[in-house]
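Student: One structure, as C-alpha cells, below. Some questions next.
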Amino acid sequence: MYIQRRNRILRTNASIRSMVAETIVTPNDFIAPLFIDEGTGVKHEIPSMPGYYRHSLDNTVKEVKELWSLGIKCVNTYIKCKDELKDNTGKEAWNPDGLMQRTIKAIKDAVPEMIIMTDVALDPYSTYGHDGIVKDGEIVNDETVEALVKMSLSHAAAGVDFLAPSDMMDGRIGAMRQALEENGYTKVGIMSYSAKYASCFYGPFRDALDSAPGFGDKKTYQMNYANRIEAIKETLMDIEEGADIVMVKPAMAYLDIIREIKNTVEVPVSAYQVSGEYAMIKAASQNGWLDENKAIMESLTSIKRAGADLISTYFAKEAARLIAG
Ligand code: PBG
C-alpha cells in the first residue's frame, strides 16, 4: 500500500509522543483548594470526597508546606464556620480574628511565597446556606455586595494575594476593586468565578463545609447550564470591572465554555474541577471501574487542552506526584 501521510509515525513510542504532545500539565497550573476547620489536630475525611480532608489550622500549615514542596504555588481556602457564628448577615465573614483571617496569616507566615486565594461568598457563614443575604425568601443583590466588600477588605488586611469571589452577585467585582483601591490595597488581585453554573456537581463541597442551601436552590444567581453566550457576557463584564483572572466552573462538563472564553479574553483563564468531579473519579476508581491515576491525568490534561491556564483541583497533590513520576 502507498500512503502519503502516516499519522501513526508520531505515535510510535513514548519518546516521540511526549515530544509532540501539545498540552503539558505541570504543578504550576494547579490551585489547591483547602477546607479548614477550628481546633487542633483535626483531619476529618469528607465522606463524599474520599481521601480529601477538612484540616484544623495546624494541619493546614503542614499541608501547605507539602504542597509547596511538590511545586504547587497556589491554594484557595474555604472555611467551615461554626453553627453558632452563622446568621443572615454573614458578619463572621469579616471578623478580623475569624478562621479565614487567621488562616491567611498562618499560611503567609509558614510559606510566604505561596499564593493565597480566598473564597469570597457568604454561604459558609449564612444560616440559610445561600451566597447572599436573604429577605422575604429572596437573595438580595446590593446588600450582599456590600457585605462581600467588607469581607474582601478584611481578607486584604490579613494579607491575601487574590480574592476569589464565588457568589455570582451582580456588580461585585467592580465594588471590590473600588474598595481595594480606596483602601490602598493595590497589590491584591481578583480571580472571579465569572461563569459559575448552578450545578449538581457541588454536592460534596457543601457536605465538606456544611453549606447546603436551606431552602430552594442557587438558580437565581448561578448560571443556567443551558447557556453559552451568557458565560461570555458575565466574563467580559467581570474583566471590565477589574478581574485579573476569570474562572469557569465546573470544568469537565463545561470544556466548550472554557475554550470559548479562552478564545475571547486576554486575561488568564482558570477552571474549577469541582468536588463532584473529584467524587465521580474517586468512586469509580474505588470500585475498580476506572484507573484512578489515568483518570486524573486525562481529566486535567483535557481541561488544560480546552484552554484553562490554571486548574483548581482536589487532585493537585496526587497529580503533582504523578507528574514528578
Ligand atoms: C460557594 C462555593 C461553592 C463551591 C465553591 N464555592 C458551592 C456552591 O456554590 O454551592 C463549589 C466547589 C466544589 O464543588 O468543589 N460559594
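By convention here, the chains of the C-alpha cells are called A, B, ... in the order presented, each chain's residues are numbered starting at 1, and ligands are numbered starting at 1 in the order presented.
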Can you write out as a tab-separated table which residues of segment 294-317 of chain A fall within 8 Å of segment 22-43 of chain A, alongside each residue's closest atom pair and its distance in Å to one decimal, counting only C-alpha atoms and ordering rows by chain and ascending residue number?

Tutor:
residue	atom	partner	partner_atom	distance
A:Leu300	CA	A:Val25	CA	7.2
A:Thr301	CA	A:Val25	CA	6.1
A:Lys304	CA	A:Thr23	CA	7.0
A:Arg305	CA	A:Thr23	CA	5.9
A:Asp309	CA	A:Asp29	CA	6.5
A:Leu310	CA	A:Asp29	CA	4.6
A:Ile311	CA	A:Phe30	CA	5.0
A:Ser312	CA	A:Ile31	CA	4.4
A:Thr313	CA	A:Ala32	CA	5.9
A:Tyr314	CA	A:Ala32	CA	6.3
A:Phe315	CA	A:Ala32	CA	7.9
A:Ala316	CA	A:Ala32	CA	5.7
A:Lys317	CA	A:Ala32	CA	7.7

Student: Would you list the contacts of Leu10 of chain A as a list in words, taking every protein, DNA or RNA residue within 8 Å and counting only C-alpha atoms, but skipping same-chain residues closer than 5 positions in sequence?

Tutor: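 Residues meeting the cut-off are Ile16, Arg17 and Val20 of chain A.
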
Student: Restricted to C-alpha atoms, what would the selected residues look like written as a JSON list (two decimals), in the first residue's frame?

Tutor:
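Here's the written file selection_26.json:
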[["chain", "number", "residue", "atom", "x", "y", "z"],
["A", 16, "ILE", "CA", 8.13, 10.84, 20.16],
["A", 17, "ARG", "CA", 4.66, 11.05, 21.70],
["A", 20, "VAL", "CA", 4.94, 16.24, 20.03]]

Student: Could you pull the residues within 7 Å of Ile173 of chain A, counting only C-alpha atoms, minus those fewer than 4 positions along the same chain, as number ranges by chain?

Tutor: A: 177, 238, 241-243

Student: Using atom CA of Pro50 of chain A and atom CA of Ser302 of chain A as the two end points, give the distance in Å to one decimal.

Tutor: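 Atom CA of Ser302 of chain A lies 22.9 Å from atom CA of Pro50 of chain A.
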
Student: What do you get as a VMD selection string if you pick all residues at most 6 Å from ligand 1, counting only C-alpha atoms and all ligand atoms?

Tutor: chain A and resid 121 123 131 166 to 167 201 to 202 205 274 to 275

Student: Print the selection's residues with C-alpha atoms to a file, as a compact mmCIF listing (two decimals), in the first residue's frame.

Tutor:
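out_21.txt written:
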# COMPACT_ATOMS: atom_id res chain seq x y z
CA ALA A 121 -19.07 34.33 49.37
CA ASP A 123 -22.73 30.72 52.12
CA ASP A 131 -24.36 33.10 48.89
CA SER A 166 -17.66 32.66 44.05
CA ASP A 167 -21.05 34.23 44.79
CA PHE A 201 -21.57 18.76 40.93
CA TYR A 202 -21.07 20.98 44.01
CA PHE A 205 -18.33 20.54 48.67
CA VAL A 274 -15.20 20.68 41.37
CA SER A 275 -15.97 18.34 44.24

Student: Can you tell me, as an NGL selection string, what residues are no more than 10 Å from Asn227 of chain A when counting only C-alpha atoms, ignoring any on the same chain fewer than 6 positions away?

Tutor: :A and (195 or 197 or 257)

Student: Could you give me, as a ChimeraX atom specification, each residue of segment 33-153 of chain A that DSSP assigns to alpha helix (DSSP H) when run on this structure's backbone?

Tutor: /A:57-69,99-110,141-153

Student: Just the selected residues (N, CA and C atoms), exported as an mmCIF file, in the first residue's frame, please.

Tutor:
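Output file selection_0.cif follows:
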data_model
loop_
_atom_site.group_PDB
_atom_site.id
_atom_site.type_symbol
_atom_site.label_atom_id
_atom_site.label_comp_id
_atom_site.auth_asym_id
_atom_site.auth_seq_id
_atom_site.Cartn_x
_atom_site.Cartn_y
_atom_site.Cartn_z
ATOM 1 N N LEU A 57 -6.109 24.365 61.574
ATOM 2 C CA LEU A 57 -5.082 25.276 61.059
ATOM 3 C C LEU A 57 -3.671 24.688 61.141
ATOM 4 N N ASP A 58 -3.370 23.986 62.252
ATOM 5 C CA ASP A 58 -2.023 23.394 62.387
ATOM 6 C C ASP A 58 -1.756 22.387 61.259
ATOM 7 N N ASN A 59 -2.746 21.543 60.997
ATOM 8 C CA ASN A 59 -2.566 20.558 59.915
ATOM 9 C C ASN A 59 -2.607 21.222 58.534
ATOM 10 N N THR A 60 -3.362 22.309 58.436
ATOM 11 C CA THR A 60 -3.411 23.043 57.161
ATOM 12 C C THR A 60 -2.022 23.564 56.807
ATOM 13 N N VAL A 61 -1.332 24.101 57.813
ATOM 14 C CA VAL A 61 0.014 24.631 57.567
ATOM 15 C C VAL A 61 0.940 23.504 57.086
ATOM 16 N N LYS A 62 0.832 22.337 57.710
ATOM 17 C CA LYS A 62 1.652 21.191 57.254
ATOM 18 C C LYS A 62 1.330 20.846 55.801
ATOM 19 N N GLU A 63 0.043 20.845 55.515
ATOM 20 C CA GLU A 63 -0.423 20.529 54.161
ATOM 21 C C GLU A 63 0.144 21.531 53.144
ATOM 22 N N VAL A 64 0.098 22.800 53.515
ATOM 23 C CA VAL A 64 0.581 23.846 52.602
ATOM 24 C C VAL A 64 2.084 23.670 52.349
ATOM 25 N N LYS A 65 2.831 23.302 53.386
ATOM 26 C CA LYS A 65 4.275 23.066 53.203
ATOM 27 C C LYS A 65 4.504 21.915 52.238
ATOM 28 N N GLU A 66 3.691 20.876 52.389
ATOM 29 C CA GLU A 66 3.838 19.723 51.498
ATOM 30 C C GLU A 66 3.492 20.109 50.057
ATOM 31 N N LEU A 67 2.416 20.861 49.887
ATOM 32 C CA LEU A 67 2.028 21.299 48.543
ATOM 33 C C LEU A 67 3.158 22.114 47.911
ATOM 34 N N TRP A 68 3.741 22.988 48.710
ATOM 35 C CA TRP A 68 4.828 23.831 48.194
ATOM 36 C C TRP A 68 6.013 22.959 47.755
ATOM 37 N N SER A 69 6.308 21.935 48.558
ATOM 38 C CA SER A 69 7.443 21.062 48.222
ATOM 39 C C SER A 69 7.181 20.276 46.937
ATOM 40 N N LEU A 99 -11.757 32.619 61.387
ATOM 41 C CA LEU A 99 -10.912 31.497 60.963
ATOM 42 C C LEU A 99 -10.216 31.784 59.625
ATOM 43 N N MET A 100 -10.925 32.393 58.701
ATOM 44 C CA MET A 100 -10.313 32.682 57.402
ATOM 45 C C MET A 100 -9.153 33.666 57.559
ATOM 46 N N GLN A 101 -9.375 34.706 58.341
ATOM 47 C CA GLN A 101 -8.345 35.721 58.521
ATOM 48 C C GLN A 101 -7.119 35.121 59.211
ATOM 49 N N ARG A 102 -7.351 34.242 60.200
ATOM 50 C CA ARG A 102 -6.223 33.576 60.876
ATOM 51 C C ARG A 102 -5.509 32.621 59.923
ATOM 52 N N THR A 103 -6.287 32.014 59.056
ATOM 53 C CA THR A 103 -5.688 31.075 58.090
ATOM 54 C C THR A 103 -4.745 31.806 57.139
ATOM 55 N N ILE A 104 -5.204 32.944 56.637
ATOM 56 C CA ILE A 104 -4.366 33.717 55.697
ATOM 57 C C ILE A 104 -3.025 34.024 56.361
ATOM 58 N N LYS A 105 -3.100 34.516 57.605
ATOM 59 C CA LYS A 105 -1.860 34.901 58.304
ATOM 60 C C LYS A 105 -0.979 33.691 58.553
ATOM 61 N N ALA A 106 -1.574 32.590 58.963
ATOM 62 C CA ALA A 106 -0.773 31.395 59.294
ATOM 63 C C ALA A 106 -0.061 30.862 58.048
ATOM 64 N N ILE A 107 -0.754 30.855 56.918
ATOM 65 C CA ILE A 107 -0.124 30.342 55.689
ATOM 66 C C ILE A 107 0.977 31.307 55.239
ATOM 67 N N LYS A 108 0.694 32.595 55.304
ATOM 68 C CA LYS A 108 1.712 33.592 54.901
ATOM 69 C C LYS A 108 2.959 33.497 55.781
ATOM 70 N N ASP A 109 2.746 33.259 57.084
ATOM 71 C CA ASP A 109 3.889 33.119 57.996
ATOM 72 C C ASP A 109 4.711 31.886 57.658
ATOM 73 N N ALA A 110 4.004 30.785 57.359
ATOM 74 C CA ALA A 110 4.692 29.498 57.182
ATOM 75 C C ALA A 110 5.355 29.390 55.815
ATOM 76 N N ASN A 141 -29.346 41.381 46.127
ATOM 77 C CA ASN A 141 -28.052 41.599 45.468
ATOM 78 C C ASN A 141 -27.194 42.670 46.142
ATOM 79 N N ASP A 142 -27.742 43.891 46.227
ATOM 80 C CA ASP A 142 -26.871 45.023 46.537
ATOM 81 C C ASP A 142 -26.358 44.996 47.980
ATOM 82 N N GLU A 143 -27.236 44.577 48.899
ATOM 83 C CA GLU A 143 -26.774 44.460 50.295
ATOM 84 C C GLU A 143 -25.720 43.375 50.411
ATOM 85 N N THR A 144 -25.888 42.315 49.621
ATOM 86 C CA THR A 144 -24.889 41.241 49.635
ATOM 87 C C THR A 144 -23.550 41.761 49.144
ATOM 88 N N VAL A 145 -23.576 42.574 48.080
ATOM 89 C CA VAL A 145 -22.321 43.124 47.564
ATOM 90 C C VAL A 145 -21.622 43.958 48.641
ATOM 91 N N GLU A 146 -22.408 44.716 49.409
ATOM 92 C CA GLU A 146 -21.792 45.499 50.496
ATOM 93 C C GLU A 146 -21.115 44.579 51.509
ATOM 94 N N ALA A 147 -21.754 43.471 51.810
ATOM 95 C CA ALA A 147 -21.159 42.503 52.744
ATOM 96 C C ALA A 147 -19.891 41.890 52.148
ATOM 97 N N LEU A 148 -19.936 41.584 50.862
ATOM 98 C CA LEU A 148 -18.765 40.985 50.205
ATOM 99 C C LEU A 148 -17.581 41.951 50.193
ATOM 100 N N VAL A 149 -17.887 43.231 50.093
ATOM 101 C CA VAL A 149 -16.820 44.245 50.127
ATOM 102 C C VAL A 149 -16.154 44.244 51.510
ATOM 103 N N LYS A 150 -16.965 44.184 52.560
ATOM 104 C CA LYS A 150 -16.382 44.139 53.918
ATOM 105 C C LYS A 150 -15.523 42.891 54.086
ATOM 106 N N MET A 151 -16.044 41.785 53.585
ATOM 107 C CA MET A 151 -15.312 40.517 53.664
ATOM 108 C C MET A 151 -13.981 40.637 52.915
ATOM 109 N N SER A 152 -14.031 41.223 51.738
ATOM 110 C CA SER A 152 -12.828 41.368 50.907
ATOM 111 C C SER A 152 -11.782 42.216 51.611
ATOM 112 N N LEU A 153 -12.215 43.323 52.197
ATOM 113 C CA LEU A 153 -11.253 44.215 52.860
ATOM 114 C C LEU A 153 -10.620 43.522 54.067
#

Student: Please extract the residues of segment 30-278 of chain A with a backbone DSSP assignment of strand (DSSP E or B) and present them as a count of residues only.

Tutor: 59

Student: So which one's closest to Ile232 of chain A, A:Glu298, A:Asp256, A:Asp210, A:Asp217? Using only C-alpha atoms, please.

Tutor: A:Asp256

Student: Determine the nearest neighbour of Asp97 of chain A from the options A:Val269, A:Met237, A:Val120, A:Ala157, counting only C-alpha atoms.

Tutor: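 Once distances to Asp97 of chain A are computed over only C-alpha atoms, the minimum belongs to A:Ala157.
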
Student: If you measure from atom CA of Ala253 of chain A to atom CA of Ile281 of chain A, what distance in Å do you get, rounded to one decimal?

Tutor: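 Computed distance, atom CA of Ala253 of chain A to atom CA of Ile281 of chain A, equals 13.6 Å.
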